[in-house]
>>> print(open('data25.txt').read())   # compact mmCIF, C-alpha atoms and all ligand atoms
# COMPACT_ATOMS: atom_id res chain seq x y z
CA MET A 388 99.48 84.17 113.91
CA GLU A 389 97.99 85.67 117.07
CA ASN A 390 94.25 85.91 117.49
CA ILE A 391 93.05 88.87 115.50
CA GLU A 392 89.84 90.55 116.58
CA TRP A 393 88.62 91.09 113.03
CA GLY A 394 85.65 93.20 114.03
CA ASN A 395 87.78 95.63 116.05
CA LEU A 396 90.55 96.25 113.53
CA GLY A 397 91.42 99.84 112.80
CA PHE A 398 93.48 101.04 109.86
CA GLY A 399 96.97 100.10 110.97
CA TYR A 400 99.80 97.69 110.37
CA VAL A 401 99.44 94.06 111.39
CA LYS A 402 102.38 91.82 110.55
CA THR A 403 101.56 89.16 107.98
CA ASN A 404 103.64 86.24 106.75
CA TYR A 405 104.95 87.23 103.34
CA ASN A 406 105.52 90.07 100.93
CA VAL A 407 106.30 89.97 97.23
CA ARG A 408 109.25 91.83 95.71
CA CYS A 409 110.64 92.54 92.28
CA TYR A 410 113.91 94.30 91.50
CA TYR A 411 114.68 96.46 88.49
CA ARG A 412 118.37 96.28 87.60
CA ASP A 413 120.40 96.63 84.40
CA GLY A 414 117.40 98.07 82.58
CA LYS A 415 114.94 95.25 83.30
CA TRP A 416 112.65 93.77 85.91
CA GLY A 417 113.61 90.45 87.48
CA GLU A 418 111.28 87.67 88.64
CA LEU A 419 108.78 88.06 91.49
CA GLU A 420 110.37 86.99 94.78
CA VAL A 421 108.65 86.00 98.00
CA SER A 422 110.06 87.30 101.28
CA SER A 423 109.11 86.81 104.91
CA ASP A 424 111.27 89.75 105.98
CA GLU A 425 109.49 92.96 106.94
CA ASN A 426 112.66 95.00 106.40
CA ILE A 427 114.35 96.09 103.22
CA PRO A 428 118.10 96.68 103.09
CA ILE A 429 118.60 99.98 101.34
CA HIS A 430 121.52 102.06 100.12
CA MET A 431 121.89 105.29 102.10
CA ALA A 432 122.01 107.27 98.85
CA ALA A 433 118.87 105.63 97.38
CA SER A 434 116.88 108.16 95.34
CA CYS A 435 113.67 107.42 97.28
CA LEU A 436 115.28 108.58 100.52
CA HIS A 437 116.64 111.87 99.22
CA TYR A 438 114.59 112.93 96.26
CA GLY A 439 111.24 111.29 96.86
CA GLN A 440 111.37 108.82 93.99
CA GLU A 441 108.56 106.91 95.61
CA ALA A 442 104.99 106.09 94.67
CA PHE A 443 102.50 103.66 96.12
CA GLU A 444 99.04 102.21 95.71
CA GLY A 445 96.24 101.17 98.01
CA MET A 446 93.73 98.46 97.24
CA LYS A 447 91.71 95.80 98.99
CA ALA A 448 90.92 92.09 98.80
CA PHE A 449 87.60 90.87 100.19
CA ARG A 450 86.52 87.45 101.38
CA GLY A 451 83.04 87.06 99.97
CA LYS A 452 79.88 85.48 101.20
CA ASP A 453 80.63 82.54 98.89
CA GLY A 454 84.14 82.14 100.37
CA LYS A 455 85.81 83.45 97.21
CA VAL A 456 88.51 86.11 97.50
CA ARG A 457 88.26 89.09 95.19
CA LEU A 458 90.46 92.05 94.37
CA PHE A 459 88.63 95.22 93.39
CA ARG A 460 89.73 96.66 90.02
CA PRO A 461 93.47 95.91 90.40
CA GLU A 462 94.28 96.85 86.80
CA GLU A 463 93.14 100.39 87.60
CA ASN A 464 95.67 100.58 90.44
CA ALA A 465 98.32 99.14 88.13
CA ARG A 466 97.64 101.84 85.56
CA ARG A 467 97.74 104.54 88.20
CA LEU A 468 101.08 103.30 89.53
CA ILE A 469 102.40 103.33 85.98
CA SER A 470 101.30 106.95 85.59
CA SER A 471 102.97 107.81 88.93
CA ALA A 472 106.16 106.07 87.74
CA GLN A 473 106.08 108.00 84.47
CA TYR A 474 105.75 111.35 86.22
CA LEU A 475 108.46 110.60 88.80
CA LYS A 476 110.71 109.11 86.11
CA MET A 477 110.85 105.69 87.72
CA ALA A 478 110.95 102.26 86.08
CA GLU A 479 107.37 101.20 85.30
CA PRO A 480 106.03 97.81 86.33
CA SER A 481 103.69 96.23 83.78
CA VAL A 482 99.99 95.78 84.54
CA GLU A 483 100.49 91.99 84.43
CA MET A 484 103.41 92.04 86.84
CA PHE A 485 101.51 94.31 89.22
CA VAL A 486 98.37 92.16 89.25
CA GLU A 487 100.34 88.93 89.54
CA ALA A 488 102.31 90.29 92.52
CA CYS A 489 99.06 91.40 94.20
CA LYS A 490 97.40 88.02 93.68
CA LEU A 491 100.45 86.22 95.03
CA ALA A 492 100.65 88.46 98.11
CA VAL A 493 96.97 87.77 98.86
CA LYS A 494 97.28 84.04 98.31
CA LEU A 495 100.38 83.72 100.50
CA ASN A 496 98.66 85.53 103.35
CA ALA A 497 95.33 83.73 103.16
CA ASP A 498 95.15 83.44 106.97
CA PHE A 499 95.02 87.22 107.21
CA ILE A 500 92.06 87.80 104.90
CA PRO A 501 89.30 88.79 107.31
CA PRO A 502 86.30 86.45 107.41
CA TYR A 503 83.13 87.50 105.60
CA GLY A 504 80.76 89.43 107.81
CA THR A 505 83.37 91.12 110.00
CA GLY A 506 83.39 94.31 107.91
CA ALA A 507 87.17 94.06 107.62
CA SER A 508 89.26 93.44 104.50
CA LEU A 509 92.84 92.80 103.45
CA TYR A 510 94.58 96.03 102.45
CA LEU A 511 97.30 95.77 99.82
CA ARG A 512 100.09 98.26 99.68
CA PRO A 513 102.08 98.10 96.45
CA LEU A 514 105.15 100.32 96.70
CA LEU A 515 107.64 101.47 94.08
CA ILE A 516 110.93 103.07 95.19
CA GLY A 517 114.13 104.24 93.62
CA THR A 518 116.86 102.16 95.28
CA GLY A 519 119.84 103.08 93.13
CA ALA A 520 122.41 105.40 94.75
CA GLN A 521 122.05 108.92 93.37
CA VAL A 522 123.53 112.11 94.74
CA GLY A 523 122.79 114.37 91.78
CA VAL A 524 119.11 115.09 91.26
CA LYS A 525 118.36 112.58 88.54
CA PRO A 526 116.43 109.33 88.27
CA ALA A 527 117.91 106.21 89.84
CA THR A 528 118.83 103.25 87.66
CA GLU A 529 117.61 100.66 90.17
CA TYR A 530 114.12 100.21 91.63
CA LEU A 531 112.25 97.95 93.99
CA PHE A 532 108.57 97.08 93.64
CA ILE A 533 107.07 95.51 96.72
CA VAL A 534 103.55 94.40 97.68
CA PHE A 535 102.73 93.86 101.32
CA VAL A 536 99.32 93.25 102.85
CA THR A 537 97.71 93.92 106.19
CA PRO A 538 94.18 93.30 107.49
CA VAL A 539 92.26 96.53 108.12
CA GLY A 540 89.02 97.88 109.49
CA PRO A 541 87.63 101.41 108.94
CA TYR A 542 90.00 104.27 108.07
CA PHE A 543 88.11 106.82 110.12
CA LYS A 544 87.16 105.79 113.65
CA GLU A 545 83.62 106.92 112.83
CA GLY A 546 83.27 104.00 110.34
CA PHE A 547 80.17 104.75 108.29
CA LYS A 548 79.06 107.48 110.74
CA PRO A 549 79.40 111.00 109.34
CA ILE A 550 82.77 112.70 109.88
CA LYS A 551 83.61 116.31 110.64
CA CYS A 552 85.87 118.07 108.13
CA MET A 553 87.62 121.40 108.19
CA ILE A 554 88.66 123.55 105.25
CA ASP A 555 92.41 124.18 105.37
CA ARG A 556 93.49 127.34 103.57
CA ASP A 557 96.89 127.49 105.26
CA HIS A 558 98.48 124.46 103.61
CA ASP A 559 98.48 122.92 100.15
CA ARG A 560 99.02 119.23 99.58
CA ALA A 561 99.88 119.64 95.91
CA ALA A 562 100.75 122.43 93.48
CA PRO A 563 98.47 123.22 90.49
CA LEU A 564 100.90 121.66 88.01
CA GLY A 565 102.60 119.41 90.53
CA THR A 566 102.16 115.82 91.67
CA GLY A 567 98.60 115.83 93.04
CA HIS A 568 97.32 113.66 90.19
CA VAL A 569 99.77 110.85 90.97
CA LYS A 570 100.24 108.85 94.15
CA ALA A 571 103.65 110.19 95.13
CA GLY A 572 104.70 109.72 98.75
CA GLY A 573 105.73 113.38 98.77
CA ASN A 574 102.08 114.48 98.55
CA TYR A 575 101.43 112.74 101.85
CA GLY A 576 104.54 114.20 103.47
CA ALA A 577 103.28 117.63 102.41
CA SER A 578 99.89 116.96 103.96
CA MET A 579 101.09 115.72 107.39
CA ILE A 580 101.08 119.15 109.00
CA SER A 581 97.55 119.82 107.86
CA SER A 582 96.19 116.46 109.01
CA VAL A 583 97.87 116.75 112.42
CA ILE A 584 96.49 120.27 112.96
CA THR A 585 92.97 119.35 111.86
CA HIS A 586 93.01 116.25 114.10
CA GLU A 587 94.17 118.31 117.05
CA LEU A 588 91.26 120.65 116.44
CA GLY A 589 88.87 117.70 116.56
CA TYR A 590 88.23 117.11 112.85
CA ALA A 591 88.63 113.81 111.03
CA THR A 592 90.27 115.29 107.96
CA PRO A 593 91.17 118.52 106.18
CA LEU A 594 89.31 119.59 103.08
CA TYR A 595 91.73 121.09 100.58
CA LEU A 596 90.89 123.86 98.15
CA ASP A 597 92.75 124.30 94.87
CA SER A 598 96.13 125.79 95.64
CA LYS A 599 96.01 128.51 92.98
CA GLU A 600 92.78 130.37 93.63
CA LYS A 601 91.70 128.81 96.92
CA ARG A 602 88.17 128.65 95.54
CA TYR A 603 87.52 125.16 94.27
CA ILE A 604 87.23 121.95 96.25
CA ASP A 605 90.19 119.65 95.66
CA GLU A 606 89.93 116.71 98.00
CA CYS A 607 89.32 115.51 101.47
CA GLY A 608 92.61 114.37 103.00
CA ALA A 609 93.34 110.95 101.52
CA ALA A 610 89.98 110.67 99.79
CA ASN A 611 88.06 112.37 96.97
CA PHE A 612 85.04 114.59 97.66
CA PHE A 613 81.53 114.21 96.30
CA GLY A 614 78.31 116.08 96.90
CA ILE A 615 74.76 115.16 95.98
CA LYS A 616 71.91 117.52 95.16
CA ASN A 617 68.87 117.59 92.89
CA GLY A 618 69.39 113.99 91.83
CA THR A 619 72.99 114.69 90.77
CA TYR A 620 76.30 113.26 91.99
CA VAL A 621 78.85 116.07 91.72
CA THR A 622 82.59 115.59 92.14
CA PRO A 623 85.51 117.97 91.55
CA LYS A 624 87.42 118.10 88.31
CA SER A 625 90.93 119.20 89.13
CA HIS A 626 94.42 118.38 87.92
CA SER A 627 95.75 118.36 91.48
CA ILE A 628 93.54 115.61 92.91
CA LEU A 629 94.23 111.90 92.81
CA PRO A 630 91.96 110.16 90.28
CA SER A 631 90.21 107.88 92.77
CA ILE A 632 89.17 104.43 91.61
CA THR A 633 86.43 104.42 94.24
CA ASN A 634 85.09 107.72 92.93
CA LYS A 635 85.23 106.42 89.35
CA SER A 636 83.22 103.38 90.49
CA LEU A 637 80.73 105.52 92.42
CA ARG A 638 80.13 107.65 89.34
CA THR A 639 79.11 104.50 87.49
CA LEU A 640 76.97 103.26 90.38
CA ALA A 641 75.34 106.68 90.72
CA GLU A 642 74.30 106.43 87.07
CA ASP A 643 73.01 102.91 87.74
CA LEU A 644 70.90 104.46 90.50
CA GLY A 645 69.47 106.98 88.05
CA LEU A 646 71.47 109.95 89.33
CA LYS A 647 73.06 112.41 86.94
CA VAL A 648 76.83 112.66 87.27
CA GLU A 649 78.84 115.87 87.00
CA GLU A 650 82.62 116.13 87.16
CA ARG A 651 83.41 119.81 87.30
CA PRO A 652 85.03 122.49 89.45
CA ILE A 653 83.08 122.97 92.70
CA ASP A 654 83.34 126.49 94.09
CA TYR A 655 83.43 126.34 97.90
CA THR A 656 80.44 128.70 98.04
CA GLU A 657 78.42 125.86 96.49
CA LEU A 658 79.08 123.60 99.49
CA PRO A 659 75.97 124.64 101.47
CA THR A 660 73.74 123.72 98.51
CA PHE A 661 74.52 119.99 98.68
CA GLU A 662 71.99 117.71 100.32
CA GLU A 663 74.66 115.08 101.08
CA ALA A 664 78.44 115.07 100.96
CA GLY A 665 81.02 112.35 101.30
CA ALA A 666 84.68 111.40 101.19
CA CYS A 667 85.51 108.34 99.11
CA GLY A 668 88.53 106.14 98.62
CA THR A 669 89.85 102.62 99.09
CA ALA A 670 90.62 103.21 102.76
CA ALA A 671 87.72 105.60 103.40
CA VAL A 672 85.19 103.58 101.28
CA ILE A 673 82.39 106.15 101.59
CA SER A 674 82.76 108.23 104.70
CA PRO A 675 79.74 110.49 104.84
CA ILE A 676 80.61 114.08 105.67
CA GLY A 677 78.47 115.27 108.55
CA SER A 678 79.77 118.83 108.60
CA ILE A 679 82.41 121.14 107.17
CA PHE A 680 83.92 123.91 109.29
CA ASP A 681 85.26 126.97 107.50
CA PRO A 682 87.74 128.75 109.80
CA THR A 683 87.70 131.90 107.65
CA THR A 684 84.02 132.59 108.12
CA ASN A 685 83.80 130.61 111.38
CA GLU A 686 80.73 128.91 109.92
CA THR A 687 79.87 125.23 109.83
CA ILE A 688 77.91 123.65 107.00
CA VAL A 689 75.89 120.78 108.40
CA TYR A 690 74.83 117.86 106.17
CA SER A 691 73.85 115.38 108.83
CA LYS A 692 71.65 116.70 111.59
CA ASP A 693 70.75 113.28 113.02
CA GLY A 694 74.23 111.71 112.93
CA ASN A 695 73.33 109.43 110.04
CA ALA A 696 74.38 109.24 106.40
CA GLY A 697 72.08 110.52 103.66
CA LYS A 698 69.96 108.15 101.57
CA TYR A 699 72.06 108.20 98.40
CA SER A 700 75.30 107.78 100.36
CA ILE A 701 73.78 104.74 102.04
CA GLU A 702 72.61 103.29 98.74
CA LEU A 703 75.96 103.86 97.04
CA TYR A 704 77.81 102.38 100.01
CA ASN A 705 75.62 99.28 99.99
CA MET A 706 76.03 98.84 96.23
CA LEU A 707 79.82 99.19 96.36
CA ARG A 708 80.27 96.91 99.39
CA GLY A 709 77.76 94.45 97.97
CA ILE A 710 79.78 94.08 94.78
CA GLN A 711 83.10 93.88 96.64
CA TYR A 712 81.89 91.14 99.01
CA GLY A 713 80.22 89.19 96.21
CA GLU A 714 76.70 89.79 97.55
CA LEU A 715 75.49 91.69 94.48
CA PRO A 716 76.06 90.90 90.81
CA ASP A 717 79.29 92.40 89.51
CA ASN A 718 77.63 93.90 86.44
CA HIS A 719 80.64 96.00 85.48
CA ASN A 720 83.20 93.18 85.83
CA TRP A 721 85.22 94.99 88.45
CA ASN A 722 86.22 92.06 90.65
CA VAL A 723 89.22 89.87 89.95
CA GLU A 724 89.06 86.57 91.75
CA VAL A 725 92.20 85.27 93.43
CA GLU A 726 92.57 81.51 93.04
CA MET A 727 93.44 80.35 96.54
N1 LIG B 801 92.82 110.92 97.15
C1 LIG B 801 93.95 110.65 97.82
C2 LIG B 801 94.88 111.76 98.11
C3 LIG B 801 94.22 109.32 98.22
O1 LIG B 801 95.33 109.04 98.91
C4 LIG B 801 93.31 108.31 97.90
C5 LIG B 801 93.58 106.92 98.27
O2 LIG B 801 94.09 106.17 97.51
C6 LIG B 801 92.14 108.65 97.20
C7 LIG B 801 91.93 109.96 96.85
C8 LIG B 801 91.15 107.60 96.82
O3 LIG B 801 91.60 106.85 95.73
P1 LIG B 801 91.12 105.36 95.55
O4 LIG B 801 89.64 105.38 95.51
O5 LIG B 801 91.69 104.94 94.25
O6 LIG B 801 91.64 104.60 96.69
C1 LIG B 802 93.94 104.47 100.18
O1 LIG B 802 92.74 104.78 100.25
O2 LIG B 802 94.31 103.38 99.75
C2 LIG B 802 94.97 105.40 100.57
O3 LIG B 802 96.00 105.36 100.00
C3 LIG B 802 94.66 106.35 101.63
C4 LIG B 802 95.72 106.52 102.69
C5 LIG B 802 95.80 105.40 103.67
C6 LIG B 802 97.03 106.97 102.17
>>> encode(input="data25.txt", output="structure tokens")
Amino acid sequence: MENIEWGNLGFGYVKTNYNVRCYYRDGKWGELEVSSDENIPIHMAASCLHYGQEAFEGMKAFRGKDGKVRLFRPEENARRLISSAQYLKMAEPSVEMFVEACKLAVKLNADFIPPYGTGASLYLRPLLIGTGAQVGVKPATEYLFIVFVTPVGPYFKEGFKPIKCMIDRDHDRAAPLGTGHVKAGGNYGASMISSVITHELGYATPLYLDSKEKRYIDECGAANFFGIKNGTYVTPKSHSILPSITNKSLRTLAEDLGLKVEERPIDYTELPTFEEAGACGTAAVISPIGSIFDPTTNETIVYSKDGNAGKYSIELYNMLRGIQYGELPDNHNWNVEVEM
């Protein structure tokens, strides 16, 4: 292992030692297998390559202040992958198999779990793909579930500094009754054009509106949106957004803080009324939103005038990170310790 500058890691791929694999053949899952190969041999007619039978997860393991290694709410990711598999008609891993594979992948790559205090963590990428050859549009009969890990730093280069977003009305990442609520690779393929254009224009991420009426806030690139006003944490309710585990956790922490919580459609005209806004997700953690540019009106809504996050965003961030790094009591039993 080369010397890794833990404090300077971005959100990219760093080779680690092992990954964990499990094959679904003849109607059943096999045993977990450990591999040191970064490549997967794949049939050219595999259903994931042609018809997008592919779903993934994103989660993190943290090395705590006490030296213990913890996964954050892995059963939630397992359940979400199962719901993705159900929608895309893929073989479903069990919650137990998913969590066991994640623990094993963390344990086998112990050298790559960033030290406490560096701000970095070990990102886990569980992946489920249809590997069976299929030329007609129908589900494959063979699948591969794989978990690889890679140490990461902040998703946005701004870290916890407020980011600039831009409303994108020209592209939809998901259809109203489509796949937005599951973590299908196709959603990300559909969003590439939008994220490249917004980056080129100098924004960290696009903000998507609902694709039917173009009125309601959906989500913020690869993260959910939340706004805070009048002592209330407000986050969109929409069938076409990914149910974020970070957002679910922040709703609980917001209540712990004494905030009211509302999950409801957010009309874009409500945006200027928020006192704080943020993007949240495993990769994004909380990325405070400093401003939102609306190309239709040519107006910019500014949340952060001084370049800093708002007070509730800071408190929520500290609570979430504190629990994940074992600095604060895990009152909701979210962490799962990995025996090293
Ligand atoms: N929305 C999208 C589209 C995402 O890709 C992610 C990342 O997983 C999220 C939201 C945040 O979800 P979570 O908090 O479970 O990581
Ligand atoms: C995550 O937050 O885990 C994501 O999946 C976001 C992105 C890197 C796809």
>>> residues_around(input="data25.txt", residues="Asn390 in chain A", least_positions_apart="6", cutoff="12 Å", atoms="all atoms listed in the file", output="list in words")
Leu396, Val401, Asp498, Phe499 and Pro501 of chain A
>>> residues_near_ligand(input="data25.txt", ligand="ligand LIG 802 (chain B)", cutoff="8 Å", atoms="only C-alpha atoms and all ligand atoms", output="PyMOL selection string")
chain A and resi 398+443-446+510+512+542+575+609-610+668-672
>>> closest_atom_pairs(input="data25.txt", of="range 512-566 of chain A", to="range 596-607 of chain A", cutoff="10 Å", atoms="only C-alpha atoms", output="Markdown table")
| residue | atom | partner | partner_atom | distance |
| --- | --- | --- | --- | --- |
| A:Cys552 | CA | A:Cys607 | CA | 7.9 |
| A:Met553 | CA | A:Cys607 | CA | 9.1 |
| A:Ile554 | CA | A:Leu596 | CA | 7.4 |
| A:Asp555 | CA | A:Leu596 | CA | 7.4 |
| A:Arg556 | CA | A:Leu596 | CA | 6.9 |
| A:Asp557 | CA | A:Ser598 | CA | 9.8 |
| A:His558 | CA | A:Ser598 | CA | 8.4 |
| A:Asp559 | CA | A:Ser598 | CA | 5.8 |
| A:Arg560 | CA | A:Ser598 | CA | 8.2 |
| A:Ala561 | CA | A:Ser598 | CA | 7.2 |
| A:Ala562 | CA | A:Ser598 | CA | 6.1 |
| A:Pro563 | CA | A:Ser598 | CA | 6.2 |
| A:Leu564 | CA | A:Lys599 | CA | 9.8 |
>>> closest_residue(input="data25.txt", among="A:Ser631, A:Asn395, A:Thr566, A:Ser481", to="ligand LIG 801 (chain B)", atoms="all atoms listed in the file")
A:Ser631
>>> closest_residue(input="data25.txt", among="A:Leu658, A:Val524, A:Leu637, A:Ala591", to="Lys548 in chain A", atoms="only C-alpha atoms")
A:Ala591
>>> residues_around(input="data25.txt", residues="Pro623 in chain A", least_positions_apart="5", cutoff="10 Å", atoms="only C-alpha atoms", output="count of residues only")
15
>>> residues_around(input="data25.txt", residues="Ala520 in chain A", least_positions_apart="6", cutoff="8 Å", atoms="all atoms listed in the file", output="list in words")
His430, Met431, Ala432, Ala433, Ser434 and Ala527 of chain A
>>> closest_residue(input="data25.txt", among="A:Val482, A:Leu707, A:Cys489, A:Ile584", to="ligand LIG 801 (chain B)", atoms="all atoms listed in the file")
A:Leu707
>>> atom_distance(input="data25.txt", atom1="CA of Thr528 in chain A", atom2="CA of Ala571 in chain A")
18.3 Å
>>> atom_distance(input="data25.txt", atom1="CA of Val534 in chain A", atom2="CA of Asn722 in chain A")
18.8 Å
>>> atom_distance(input="data25.txt", atom1="CA of Val536 in chain A", atom2="CA of Leu509 in chain A")
6.5 Å
>>> closest_residue(input="data25.txt", among="A:Leu419, A:Thr518, A:Gly540, A:Phe459", to="Trp393 in chain A", atoms="all atoms listed in the file")
A:Gly540
>>> residues_around(input="data25.txt", residues="Ser422 in chain A", least_positions_apart="5", cutoff="8 Å", atoms="only C-alpha atoms", output="MDAnalysis selection string")
chainID A and resid 405:408
>>> write_last_selection(input="data25.txt", atoms="C-alpha atoms", output="short mmCIF file (atom, residue, chain, number, x, y, z; two decimals), keeping the file's coordinate frame")
data_model
loop_
_atom_site.label_atom_id
_atom_site.label_comp_id
_atom_site.auth_asym_id
_atom_site.auth_seq_id
_atom_site.Cartn_x
_atom_site.Cartn_y
_atom_site.Cartn_z
CA TYR A 405 104.95 87.23 103.34
CA ASN A 406 105.52 90.07 100.93
CA VAL A 407 106.30 89.97 97.23
CA ARG A 408 109.25 91.83 95.71
#
